[in-house]
Each structure stands twice: as C-alpha cells, then as structure tokens.
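Peer 1: Got a structure for you, entry-v7.txt, holding compact mmCIF, C-alpha atoms and all ligand atoms.
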# COMPACT_ATOMS: atom_id res chain seq x y z
CA MET A 25 10.67 45.70 -20.19
CA SER A 26 10.77 45.84 -16.40
CA ASP A 27 13.14 43.38 -14.76
CA LEU A 28 10.50 42.74 -12.10
CA PHE A 29 8.59 40.48 -14.46
CA GLN A 30 9.42 37.46 -16.56
CA PRO A 31 9.06 37.64 -20.35
CA PRO A 32 5.45 37.05 -21.48
CA PRO A 33 4.42 33.37 -21.68
CA ASN A 34 4.31 33.39 -25.48
CA PHE A 35 6.70 32.01 -28.13
CA MET A 36 10.11 33.76 -27.82
CA GLY A 37 8.81 35.81 -24.86
CA LEU A 38 7.94 38.76 -27.08
CA PRO A 39 6.34 41.85 -25.51
CA GLU A 40 2.79 42.70 -26.54
CA GLU A 41 3.82 45.24 -29.16
CA LEU A 42 5.81 42.52 -30.98
CA SER A 43 3.30 39.70 -30.58
CA GLY A 44 -0.12 41.20 -31.27
CA PRO A 45 -2.23 39.74 -34.10
CA GLU A 46 -2.29 43.04 -36.05
CA ARG A 47 1.46 43.33 -36.57
CA SER A 48 2.66 39.69 -36.39
CA ARG A 49 3.46 37.97 -39.68
CA ALA A 50 4.12 34.63 -37.94
CA TRP A 51 1.47 32.92 -35.86
CA LEU A 52 1.67 29.87 -33.63
CA LEU A 53 -1.17 27.49 -32.78
CA PRO A 54 -0.54 24.99 -29.95
CA VAL A 55 -2.45 21.72 -30.29
CA PRO A 56 -1.66 19.62 -27.19
CA TYR A 57 -3.47 16.56 -28.54
CA GLU A 58 -2.61 13.04 -27.49
CA ALA A 59 -4.85 10.05 -28.01
CA THR A 60 -3.49 7.51 -30.47
CA THR A 61 0.22 7.48 -29.49
CA SER A 62 1.17 3.82 -29.39
CA TYR A 63 4.37 3.58 -27.36
CA GLY A 64 5.91 6.44 -25.35
CA ALA A 65 3.37 8.99 -24.16
CA GLY A 66 3.60 12.67 -23.25
CA THR A 67 2.98 14.62 -26.49
CA ARG A 68 0.21 16.57 -24.76
CA ASP A 69 2.99 18.42 -22.92
CA GLY A 70 4.94 19.20 -26.11
CA PRO A 71 3.59 22.66 -27.04
CA ALA A 72 3.97 24.10 -23.53
CA ALA A 73 7.54 22.78 -23.26
CA ILE A 74 8.49 24.25 -26.65
CA ILE A 75 7.02 27.64 -25.75
CA ALA A 76 8.77 27.59 -22.34
CA ALA A 77 12.13 26.75 -23.99
CA SER A 78 11.63 29.41 -26.71
CA ARG A 79 11.67 32.14 -24.08
CA GLN A 80 15.35 31.32 -23.52
CA VAL A 81 16.23 31.31 -27.24
CA GLU A 82 18.08 34.45 -28.35
CA TRP A 83 16.19 36.81 -30.63
CA TYR A 84 19.47 37.56 -32.39
CA ASP A 85 20.34 35.04 -35.10
CA ARG A 86 23.83 35.19 -36.63
CA GLU A 87 22.55 33.86 -39.94
CA PHE A 88 20.46 37.01 -40.37
CA ASP A 89 22.62 39.33 -38.28
CA ARG A 90 19.57 40.84 -36.62
CA GLU A 91 16.79 40.20 -34.13
CA ALA A 92 14.59 39.03 -36.98
CA CYS A 93 11.67 37.79 -34.85
CA ALA A 94 11.29 41.26 -33.34
CA GLU A 95 10.84 42.59 -36.89
CA TYR A 96 8.32 40.08 -38.27
CA GLY A 97 6.54 39.47 -34.94
CA ILE A 98 5.09 36.21 -33.63
CA HIS A 99 1.55 35.89 -32.34
CA THR A 100 0.92 32.91 -30.05
CA LEU A 101 -2.71 31.77 -30.14
CA SER A 102 -4.43 30.06 -27.21
CA PRO A 103 -4.17 26.28 -27.44
CA LEU A 104 -6.81 24.63 -29.59
CA ALA A 105 -9.77 23.19 -27.67
CA LEU A 106 -9.35 19.42 -27.76
CA VAL A 107 -12.01 17.01 -29.00
CA HIS A 108 -11.85 13.56 -27.47
CA THR A 109 -14.87 11.90 -29.09
CA SER A 110 -12.66 10.43 -31.86
CA PRO A 111 -9.40 11.17 -33.68
CA GLU A 112 -11.47 11.95 -36.80
CA HIS A 113 -13.39 14.66 -34.94
CA MET A 114 -10.12 16.13 -33.66
CA ILE A 115 -8.69 16.28 -37.19
CA GLN A 116 -11.88 18.04 -38.29
CA ALA A 117 -11.42 20.56 -35.46
CA VAL A 118 -7.82 21.20 -36.56
CA GLU A 119 -8.96 21.65 -40.16
CA ALA A 120 -11.65 24.11 -39.07
CA ALA A 121 -9.23 26.08 -36.90
CA VAL A 122 -6.49 26.25 -39.55
CA THR A 123 -9.05 27.31 -42.17
CA GLU A 124 -10.38 30.01 -39.88
CA VAL A 125 -6.96 31.31 -38.81
CA LEU A 126 -5.51 31.37 -42.35
CA SER A 127 -8.62 33.26 -43.55
CA ARG A 128 -8.36 35.98 -40.90
CA ALA A 129 -7.48 39.57 -41.66
CA PRO A 130 -5.18 40.52 -40.14
CA GLY A 131 -3.87 36.98 -40.25
CA PRO A 132 -0.59 35.09 -40.48
CA GLU A 133 1.72 34.91 -43.47
CA VAL A 134 3.01 31.73 -41.88
CA LEU A 135 1.20 29.58 -39.35
CA CYS A 136 3.11 27.04 -37.24
CA VAL A 137 1.03 24.33 -35.60
CA LEU A 138 2.72 22.74 -32.56
CA GLY A 139 1.79 19.16 -31.68
CA GLY A 140 0.74 17.11 -30.04
CA GLU A 141 0.80 13.88 -31.94
CA HIS A 142 1.23 13.53 -35.68
CA SER A 143 -2.40 12.56 -36.29
CA ILE A 144 -3.26 16.31 -36.34
CA SER A 145 -1.25 17.00 -39.52
CA PRO A 146 -3.90 15.83 -42.05
CA GLY A 147 -6.17 18.46 -40.48
CA VAL A 148 -3.53 21.16 -40.99
CA VAL A 149 -3.01 20.32 -44.68
CA ARG A 150 -6.76 20.15 -45.32
CA GLY A 151 -7.24 23.59 -43.80
CA LEU A 152 -4.34 24.90 -45.85
CA ALA A 153 -5.84 23.42 -49.04
CA ARG A 154 -9.22 24.97 -48.29
CA VAL A 155 -7.72 28.45 -48.07
CA HIS A 156 -4.93 28.30 -50.67
CA GLY A 157 -6.19 25.53 -52.96
CA ALA A 158 -4.67 22.09 -53.55
CA ARG A 159 -3.61 22.55 -57.17
CA ASP A 160 0.06 23.42 -56.59
CA LEU A 161 0.22 22.07 -53.03
CA VAL A 162 2.92 19.58 -51.97
CA CYS A 163 4.00 18.20 -48.60
CA VAL A 164 7.54 17.74 -47.26
CA HIS A 165 7.54 15.19 -44.47
CA VAL A 166 10.43 14.61 -42.05
CA ASP A 167 9.90 11.42 -40.06
CA ALA A 168 11.51 8.14 -38.93
CA HIS A 169 8.32 6.42 -40.06
CA ALA A 170 6.54 6.32 -43.38
CA ASP A 171 3.12 6.76 -41.68
CA LEU A 172 1.57 5.22 -44.80
CA ARG A 173 -0.72 2.70 -43.10
CA ASP A 174 -4.30 2.89 -44.29
CA GLU A 175 -5.40 2.19 -40.74
CA TYR A 176 -3.77 1.39 -37.42
CA GLU A 177 -5.32 -0.14 -34.31
CA GLY A 178 -8.72 0.18 -35.95
CA SER A 179 -8.46 3.87 -36.92
CA PRO A 180 -7.60 5.46 -40.28
CA PHE A 181 -6.82 8.64 -38.32
CA SER A 182 -4.04 7.26 -36.11
CA HIS A 183 -0.63 9.00 -36.02
CA ALA A 184 0.64 5.94 -37.93
CA CYS A 185 -1.62 6.91 -40.88
CA ALA A 186 -0.71 10.62 -41.04
CA ALA A 187 1.10 10.54 -44.39
CA ARG A 188 -1.51 8.28 -45.97
CA ARG A 189 -4.24 10.80 -45.06
CA ILE A 190 -2.11 13.78 -46.21
CA LEU A 191 -1.64 11.95 -49.52
CA GLU A 192 -5.38 12.30 -50.13
CA THR A 193 -4.74 16.07 -50.35
CA CYS A 194 -1.32 16.33 -52.04
CA PRO A 195 1.91 14.50 -53.06
CA ILE A 196 4.56 13.88 -50.40
CA PHE A 197 8.37 13.98 -50.26
CA GLN A 198 9.51 11.99 -47.20
CA ILE A 199 12.91 12.42 -45.54
CA GLY A 200 14.61 10.32 -42.86
CA VAL A 201 12.37 7.25 -42.93
CA ARG A 202 14.02 4.19 -41.35
CA ASN A 203 11.19 2.04 -40.05
CA LEU A 204 8.11 0.94 -41.96
CA SER A 205 6.01 -2.15 -42.49
CA GLU A 206 6.19 -4.37 -45.55
CA LYS A 207 2.70 -3.28 -46.56
CA GLU A 208 3.70 0.38 -46.36
CA GLU A 209 6.80 -0.32 -48.48
CA ARG A 210 4.69 -2.10 -51.15
CA PHE A 211 2.21 0.77 -51.17
CA ARG A 212 5.02 3.34 -51.38
CA ARG A 213 6.67 1.63 -54.35
CA GLY A 214 3.32 1.50 -56.16
CA SER A 215 2.41 5.15 -55.55
CA LYS A 216 3.51 7.93 -57.88
CA ARG A 217 2.59 10.48 -55.24
CA VAL A 218 5.18 9.42 -52.64
CA ARG A 219 8.94 9.95 -52.83
CA THR A 220 11.07 8.73 -49.95
CA VAL A 221 14.65 9.60 -49.06
CA PHE A 222 15.48 6.90 -46.54
CA ALA A 223 17.58 7.82 -43.52
CA GLU A 224 20.85 6.28 -44.75
CA LYS A 225 20.77 8.68 -47.72
CA ALA A 226 19.30 11.61 -45.82
CA VAL A 227 22.09 11.74 -43.22
CA GLU A 228 24.81 12.25 -45.87
CA PRO A 229 26.11 15.82 -46.03
CA GLY A 230 25.51 17.51 -49.38
CA GLY A 231 23.48 14.57 -50.67
CA ARG A 232 22.03 14.78 -54.19
CA TRP A 233 18.56 14.33 -52.71
CA LEU A 234 18.63 17.97 -51.58
CA ALA A 235 18.59 19.04 -55.24
CA ASP A 236 15.65 16.65 -55.79
CA LEU A 237 13.89 18.24 -52.83
CA GLY A 238 14.54 21.68 -54.33
CA ARG A 239 12.93 20.61 -57.60
CA PHE A 240 9.97 19.06 -55.76
CA VAL A 241 9.11 22.28 -53.89
CA HIS A 242 10.18 24.79 -56.55
CA GLY A 243 7.41 27.30 -57.21
CA LYS A 244 4.93 25.28 -55.13
CA THR A 245 2.76 25.96 -52.12
CA VAL A 246 4.36 23.78 -49.46
CA PHE A 247 3.14 22.21 -46.25
CA LEU A 248 6.14 21.14 -44.15
CA THR A 249 5.45 18.57 -41.44
CA VAL A 250 8.25 17.68 -39.02
CA ASP A 251 7.79 14.64 -36.83
CA LEU A 252 10.68 15.20 -34.45
CA ASP A 253 11.50 11.47 -34.40
CA GLY A 254 12.94 12.05 -37.89
CA LEU A 255 15.92 13.57 -36.06
CA ASP A 256 18.53 11.33 -34.48
CA PRO A 257 17.64 10.22 -30.92
CA SER A 258 21.08 11.37 -29.75
CA ILE A 259 19.81 14.94 -30.18
CA MET A 260 16.07 14.21 -30.01
CA PRO A 261 15.35 11.49 -27.43
CA ALA A 262 12.05 13.09 -26.33
CA VAL A 263 9.82 11.20 -28.75
CA GLY A 264 7.59 8.16 -28.40
CA THR A 265 9.64 5.94 -30.73
CA PRO A 266 13.30 7.04 -30.84
CA GLU A 267 14.66 5.18 -33.89
CA PRO A 268 18.47 5.19 -34.31
CA GLY A 269 20.09 6.67 -37.42
CA GLY A 270 18.18 9.91 -37.90
CA LEU A 271 18.91 13.41 -39.17
CA SER A 272 21.46 15.66 -37.50
CA TRP A 273 20.63 19.28 -36.70
CA ALA A 274 22.69 20.35 -39.74
CA ARG A 275 20.70 18.07 -42.10
CA MET A 276 17.41 19.31 -40.61
CA LEU A 277 18.52 22.87 -41.35
CA ASP A 278 19.47 21.82 -44.91
CA VAL A 279 15.87 20.66 -45.38
CA ALA A 280 14.45 23.86 -43.88
CA ARG A 281 16.70 26.07 -46.02
CA VAL A 282 15.85 24.28 -49.27
CA VAL A 283 12.11 24.26 -48.55
CA CYS A 284 11.96 27.88 -47.40
CA GLY A 285 14.29 29.06 -50.17
CA LYS A 286 12.69 27.30 -53.15
CA ALA A 287 8.98 27.14 -52.33
CA ARG A 288 6.68 29.80 -53.70
CA ARG A 289 5.16 30.01 -50.24
CA VAL A 290 4.83 28.00 -47.03
CA PRO A 291 1.55 29.17 -45.49
CA ALA A 292 1.72 26.53 -42.75
CA PHE A 293 4.07 24.00 -41.20
CA ASP A 294 3.91 21.83 -38.13
CA VAL A 295 6.36 20.42 -35.60
CA VAL A 296 4.91 17.43 -33.80
CA GLU A 297 5.52 14.52 -31.43
CA LEU A 298 7.69 16.17 -28.77
CA ALA A 299 7.13 14.21 -25.55
CA PRO A 300 9.22 16.17 -23.04
CA ILE A 301 11.49 14.22 -20.68
CA PRO A 302 11.34 15.80 -17.20
CA GLY A 303 14.62 17.53 -16.37
CA MET A 304 16.00 17.21 -19.90
CA ARG A 305 15.85 20.51 -21.73
CA SER A 306 17.83 20.05 -24.93
CA PRO A 307 15.02 18.43 -26.98
CA ASP A 308 12.62 21.24 -26.03
CA PHE A 309 15.27 23.78 -27.03
CA LEU A 310 15.91 22.02 -30.32
CA ALA A 311 12.21 22.15 -31.20
CA ALA A 312 11.94 25.83 -30.21
CA SER A 313 15.08 26.74 -32.18
CA LEU A 314 13.76 24.88 -35.23
CA VAL A 315 10.44 26.74 -35.21
CA HIS A 316 12.24 30.06 -34.74
CA LYS A 317 14.65 29.27 -37.59
CA ILE A 318 11.88 28.26 -40.02
CA PHE A 319 9.94 31.46 -39.25
CA SER A 320 13.08 33.53 -39.89
CA LEU A 321 13.97 31.67 -43.09
CA LEU A 322 10.49 32.44 -44.41
CA LEU A 323 10.06 35.99 -43.16
CA SER A 324 13.49 37.56 -42.99
CA THR A 325 16.19 38.31 -45.51
CA ARG A 326 19.62 36.94 -44.84
CA SER A 327 22.42 39.32 -44.08
CA ALA A 328 24.78 39.91 -46.99
CA LYS A 329 27.61 39.83 -44.49
CA ARG A 330 29.72 36.66 -44.50
CA ARG A 331 29.25 34.55 -41.43
MN MN B 1 7.29 9.17 -36.58
Rewrite the structure of this file - the entire thing - as structure tokens.
Ligand SMILES: [Mn+2]

Peer 2:
Amino acid sequence: MSDLFQPPPNFMGLPEELSGPERSRAWLLPVPYEATTSYGAGTRDGPAAIIAASRQVEWYDREFDREACAEYGIHTLSPLALVHTSPEHMIQAVEAAVTEVLSRAPGPEVLCVLGGEHSISPGVVRGLARVHGARDLVCVHVDAHADLRDEYEGSPFSHACAARRILETCPIFQIGVRNLSEKEERFRRGSKRVRTVFAEKAVEPGGRWLADLGRFVHGKTVFLTVDLDGLDPSIMPAVGTPEPGGLSWARMLDVARVVCGKARRVPAFDVVELAPIPGMRSPDFLAASLVHKIFSLLLSTRSAKRR
C-alpha cells in the first residue's frame, strides 16, 4: 500500500483484495438508526465511529499469533438505507436486508450488524431465522437492561422492547442485566424462554454461569446481540444509559469465547448502542476491538503456541 494514502475507509482498513465480497468470510452491515432512544442520544454516529477506530486496530492478534483478519477477509457493506416512517418499518427493512445478505452467493459466513439503537436487533434475528430456520436458534443477549417490555412510549418496537420481540423468534440467555421494571421482572420469572444472569453474578471471574451459557449455546445456531451498555461505564461510557456495575472487558471476552467456541454456528451478531462522545476514543476502540475479536474467534483457529 502506498504511504501517500490512508487505509481504505472500511472495517480494519483492509485493502480491496482483502475486503471484496468474493473472498471475505466476514461481512459488516452498518445501520446508523436512531429514533426511539429515550435518554442520551447519538447512536446514529456509532457505526462510523467504530469503523474509524477499527482502522487503528492491529491486524495481528496475539491470541491467534497471526493477522487473522487478512486471512478470512472482511467486507464492509454500505450503510443500510434508513426508514423513518415508523420503528416497525425500520425493523422490517433490517429483516429484509439481513435475509438478502445472508442468502447471497458469495455471501458471509458471519454477518456483523453495527447499530444504531437496539431496536434493530429483532430485525436481525428474524432475517437470520428466515435463512437458517428457527428450530435450533437461540439468542445470547448482553445488556444492562432486560428490554422485556411489551411496549414502551406507545411502541412495541422501541429499543426497550428488543428482547421481548426477539423472544417471539427464539429463547434468550441474558447477561449483565442490572436495571429492569417490576413488570419485566414478573414476566421474566414466568417465562421459560428467558434466562438471566444478573450483573452481580456476571462480573465474577470464572462464574458457574459460563458453564450454563456453554450448555445453552452448545450445538445451536446462535444470534449474539451486544448492547454495549452491558459493559461497565468505566470502560464504556459512550451509551445512552450508563448503568454502574457492568461487565469488564475480560468478562465480555469470556462470553464471546464461550459462544463462539460452543455454538454450532453464529451466522450473525450485532453490536449496538454506541453513542460516541466527541474527543473520547476508548469506547469506539473497545467496540471495534470486540467486533474484530468475535470475527476472529469464529473464523480463525487459535495458535497452539502458549501465550
Ligand atoms: Mn441497554
């Protein structure tokens, strides 16, 4: 690559021969959607900030002892056209796009959808279910919030209802929840399709819940949805509702390693709710590093060499 020019404006700054649709096993779909966010705003700027930060992330990863992303390739799609008539229409557009992209040949082995607000996730899982079926599909959901409201501010398609809508497609394993309404808690306790590891358990190193998570995803088709507010605000302040007491980077990687290691396949995952803080780069970097790591965990083999 000539030093006269910056790296290409795609995820990880990969040159064309490493980021074309024909040879890339990982694909990225930016969805800069923001409409129902209730408190802090700015998620529409999330995907661009994550892609900008990713261009500074090293291709070399010590865990794999190689430039894994240059081997599997990452294709960055143009951002999804936004629909502002209603959140329901936007979710339908996400479902249609995910269905179309996952059905393409050549197409992705793994598709990452970058939010944008969490209300898009039910569209992602519906698209995934259309292409891969819903029979052995489960969802792993990292979040500070249960998102189990049946409706919020008059809409059943608000970000606060994301998990409740996903539940209509598949069972959910929630991790890091630390703020929910009484009604959500009653619903959760009465539902056989929701399991919740609350934050106080989830932050413990080596917690037994990781084995439970392994059993939940074992042999399944998994949709992983990461609301970044599930992480602790000390490392992830760039979210609309930064709740104290969240996951550390190490615990987040525990989740990613268990899901990617035990699932039969993870055809799609999303990372949502980044609302960049001007001048503060670490949250954008965290999100970019997380996406890169999940891609590598799914598409690369770990080095036998001891770290
Ligand atoms: Mn949340």

Peer 1: Which of these residues is nearest to ligand MN 1 (chain B), using all atoms listed in the file: A:His142, A:Arg212, A:Lys286, A:Arg232?

Peer 2: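 Comparing A:His142, A:Arg212, A:Lys286, A:Arg232 against ligand MN 1 (chain B), the winner is A:His142.
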
Peer 1: Would you kindly return, as a PyMOL selection string, each protein, DNA or RNA residue with an atom no farther than 6 Å from any atom of Val263 (chain A), considering only C-alpha atoms and excluding same-chain residues fewer than 6 positions away?

Peer 2: chain A and resi 253+298-299

Peer 1: Can you work out the spacing between CA of Gly231 (chain A) and CA of His183 (chain A) in Å, to one decimal?

Peer 2: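 According to the coordinates, CA of Gly231 (chain A) and CA of His183 (chain A) are separated by 28.8 Å.
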
Peer 1: Distance limit 12 Å, reference ligand MN 1 (chain B), atoms considered: only C-alpha atoms and all ligand atoms. Which residues make the cut? Give them as a PyMOL selection string.

Peer 2: chain A and resi 61-64+141-143+145+165-172+182-187+198-204+249-257+262-267+270+295-298

Peer 1: Do you know which residues lie at most 6 Å from (8.0, 15.3, -50.9), with coordinates as in the file and only C-alpha atoms counted, and could you write them as an mmCIF file with C-alpha atoms, keeping the file's coordinate frame?

Peer 2:
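The resulting file, result10.cif, is reproduced below:
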data_model
loop_
_atom_site.group_PDB
_atom_site.id
_atom_site.type_symbol
_atom_site.label_atom_id
_atom_site.label_comp_id
_atom_site.auth_asym_id
_atom_site.auth_seq_id
_atom_site.Cartn_x
_atom_site.Cartn_y
_atom_site.Cartn_z
ATOM 1 C CA CYS A 163 4.000 18.200 -48.600
ATOM 2 C CA VAL A 164 7.540 17.740 -47.260
ATOM 3 C CA ILE A 196 4.560 13.880 -50.400
ATOM 4 C CA PHE A 197 8.370 13.980 -50.260
ATOM 5 C CA GLN A 198 9.510 11.990 -47.200
ATOM 6 C CA ARG A 219 8.940 9.950 -52.830
#

Peer 1: Please identify all polymer residues within 9 Å of region 274-279 of chain A, counting only C-alpha atoms, omitting same-chain residues fewer than 5 positions from it, and present them as a list of chain:residue names.

Peer 2: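 Near region 274-279 of chain A, the qualifying residues are A:Val166, A:Ile199, A:Ala226, A:Val227, A:Glu228, A:Pro229, A:Gly230, A:Leu234, A:Leu237, A:Gly254, A:Leu255, A:Cys284, A:Leu314, A:Lys317, A:Ile318.
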
Peer 1: Can you work out the spacing between CA of Val118 (chain A) and CA of Val148 (chain A) in Å, to one decimal?

Peer 2: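 Between CA of Val118 (chain A) and CA of Val148 (chain A) the gap is 6.2 Å.
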
Peer 1: So the first atom is CA of Ser127 (chain A) and the second is CA of Ala59 (chain A); what is the distance between them in Å, to one decimal place?

Peer 2: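 Taking CA of Ser127 (chain A) as the start and CA of Ala59 (chain A) as the end point, the length is 28.2 Å.
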
Peer 1: Check the smallest atom-to-atom distance from each of A:Arg173, A:Glu82, A:Ser324, A:Pro45 to Glu95 (chain A) using all atoms listed in the file, then report the winner.

Peer 2: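 Once distances to Glu95 (chain A) are computed over all atoms listed in the file, the minimum belongs to A:Ser324.
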